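Before any comments, here is the structure.
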Protein chains: 2
Amino acid sequence: MAIVVNFEDERSKKAKSFDALVALVKDDLEKVNRAIVDRMHSPVELIPQLAGHIIAAGGKRLRPVLTLASAKLAGHTGERHIKLAACVEFIHTATLLHDDVVDESELRRGQASANALFGNKPSVLVGDFLFSRSFELMVEDGSLSVLAILSHASSVIAEGEVLQLITANDTETSEDSYLEVIRSKTAALFAAACRIGAVVADRPKVEEEALESYGLNLGIAFQLIDDVLDYSAKQAVLGKTVGDDFREGKITLPVILAFRRGDDEERAFWRRCLEELDQADNDIGRAIKLMEKHGSLAATIARARHYGEIARDALGIFPDSAVKQAMIDVIDFCIDRAY
Amino acid sequence: MAIVVNFEDERSKKAKSFDALVALVKDDLEKVNRAIVDRMHSPVELIPQLAGHIIAAGGKRLRPVLTLASAKLAGHTGERHIKLAACVEFIHTATLLHDDVVDESELRRGQASANALFGNKPSVLVGDFLFSRSFELMVEDGSLSVLAILSHASSVIAEGEVLQLITANDTETSEDSYLEVIRSKTAALFAAACRIGAVVADRPKVEEEALESYGLNLGIAFQLIDDVLDYSAKQAVLGKTVGDDFREGKITLPVILAFRRGDDEERAFWRRCLEELDQADNDIGRAIKLMEKHGSLAATIARARHYGEIARDALGIFPDSAVKQAMIDVIDFCIDRAY
């Protein structure tokens, strides 16, 4: 089994586990990056400028890498996955642009967000452009199955975002409702990104569904860890503002668990901070202390591990290979970001 | 030729000429309306609420009616045009929702706009939902040609909107640049709405192109008259705020012509009002007077007639029929709104 083995300490081995997957699809990923730059072009220069700002700001290209890896795992030997991985990144970028407008975010991946730099208006419209362009690329590919998967994922994402908006600032949100939100707004695109890997390889339905399940559960785990990171000292390292979710009154699983495990006085605290958005400087500190007291960050990580396990088992039907191992390592990578 | 003839005075005959087309596709339009209500459904109730607000607010359903009429003209006898007309209305509604956010509009068709009533955030997200849902419907229809036409139109619309944002408040905008903007942001969807009528009827390319040309030129004429109406007393009747474009500093053809035909002192006035947005109460009155002095509203209507003529001639290759006549009458309807 030709996996990339790292002989340094456990921590750094884990930290590198996404790199192993990237290394396996390196040539394809370069083609995807070229396709992205090529296809976000428009005679209206502001479009590639603004889109380039957010796309070049990097991010891990996690979703397109998952499409490339899934296609490889499913045995695809052609070039169709390149264009479709670019589609997935375009859809993701469009939702980021609209998210930042909706959340009034000022930072994205440690840099000024597109809306902060260019204004809300072009962010909305360039998001629309990337979204439309993504469908144009899918039409070029010509698979109605892919179009069905990604258009459905896009609807589900939008539904999830609206649902999140409605449940925002409601400390009574249940764990189940919250899971429904992240299943839609985050995990649906992970699931679609992986599933289309099996579609381009023309594999049987059971493999499509296995890859979809891998992506869905990985996506849930990924989002849960993102939620943990917003209350973690590790945040600054990732170039994100610490406590953004708290300041915006976003209800995430660490909050839901701390609220449900807390006493009346603590619940009053959460309501004041997150529903009324009446916050003092040291409230974020108290929030983190309450989460530690009730183990709600640790419990969220444990929940994430649960979904990670489902993702791992979903890949069970595929024969062992370097790419399969690297896809499993990515699960650990997503979860170990929390440490 | 079985067209609906109205024996009242000339004015009211013109005012009713859109009704003739609607009457010819009445049963289909009812099915479209049912499809719209049916397919904007989501378990997230805010979505049909918000979408229903803007879709029920009426509007003329001009674009879906054009799809129905074009399909009829092209001899389509199936049901595919119903779903696709709903797609067209969804795309149109999505762009309206995003437009109103971008323009910070408070009124739409004489009612509070969705963003004014529900806030910007759900308007952005419900727009995304309708857009995605529209692609889901196209996938159900299963025609890659239709998907190509409408995904391309959507990209072009977004490009046009960004272009308009950039040229906003620039009184030096040329007539050609302005035409490029409205060709993209308005006429492209009219063109696509009509073209898909020929596609579902499986007609030769020359008929697709004829219907596209009809839609494109009708769309340009329609937008030019909309621009005129913003400086016209007729506005109040249509339930729009008079002088919206002026207040926002939007550069439209009546302004472009008045600016180019004016003297230095007048140009300073236009710059102060539309570039610096430094406006006094009676400035809108002076703007209208300057437009009358230079005949810029009349010239814009004359330009609209020119595009209307192209639209009319585009239909020349189709044999005479009630629907063809009614489609020609719609051109007059669009232009006669200015009187």
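Order determines the names: the first chain of the structure tokens is A, the second B, and so forth; residues in each chain are numbered 1 upward, and ligands are numbered 1 upward as they are shown.
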
query = Contacts of Leu297 of chain B at 12 Å or less, counting only C-alpha atoms, minus same-chain residues fewer than 3 places along, as a PyMOL selection string?
reply = chain B and resi 224-232+252-258+287-294+300-304+338-339

request  = Give as an MDAnalysis selection string every residue of chain B that touches chain A within 10 Å, counting only C-alpha atoms.
outcome  = chainID B and resid 42:47 94:95 98:99 101:104 120:140 142:163 165:166

Residues near Lys60 of chain A, cut-off 9 Å, only C-alpha atoms, skip fewer than 3 positions along chain, as an NGL selection string = :A and (18 or 63 or 65)

request  = Select from segment 11-62 of chain A everything DSSP, run on the backbone, classes as helix (DSSP H, G or I), then give the selection as an NGL selection string.
outcome  = :A and (11-15 or 17-24 or 26-39 or 46-56 or 62)

request  = With a distance cut-off of 12 Å and only C-alpha atoms, select the neighbouring residues of Glu30 of chain B, excluding the residue or stretch itself and same-chain residues fewer than 4 positions from it, and output the selection as an MDAnalysis selection string.
outcome  = chainID B and resid 22:26 34:37 61 64:65 68 82:83 85:86

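Proximity of B:Val330, B:Leu277, B:Gly295, B:Ile55 to Asn33 of chain B, computed with only C-alpha atoms, is greatest for B:Ile55.
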
inquiry  = Can you pull out every residue from segment 84-148 of chain A that DSSP, working from the backbone, puts in strand (DSSP E), and format the result as a PyMOL selection string?
reply    = chain A and resi 107-108+111-112

ask   = atom CA of Glu275 of chain A to atom CA of Gly249 of chain A: how many Å, to one decimal?
value = 6.4 Å

key: Residues near Asp313 of chain A, cut-off 10 Å, only C-alpha atoms, skip fewer than 2 positions along chain, as an NGL selection string   = :A and (210 or 213-214 or 307-311 or 315-317 or 328)

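Coordinates place atom CA of Asp244 of chain A at a distance of 19.7 Å from atom CA of Ile220 of chain A.
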
Selected residue of minimal separation from Arg260 of chain A among A:Arg337, A:Arg305, A:Ser296, A:Ala191, counting only C-alpha atoms =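 Residue with the minimum atom-to-atom distance to Arg260 of chain A: A:Ser296.
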
inquiry  = I'd like the contact shell of Ser177 of chain A - 10 Å cut-off, only C-alpha atoms, skipping same-chain residues fewer than 4 positions apart - returned as a PyMOL selection string.
reply    = chain A and resi 163-164+167+173+181-183

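Straight-line separation from atom CA of Ile335 of chain A to atom CA of Leu21 of chain A: 15.7 Å.
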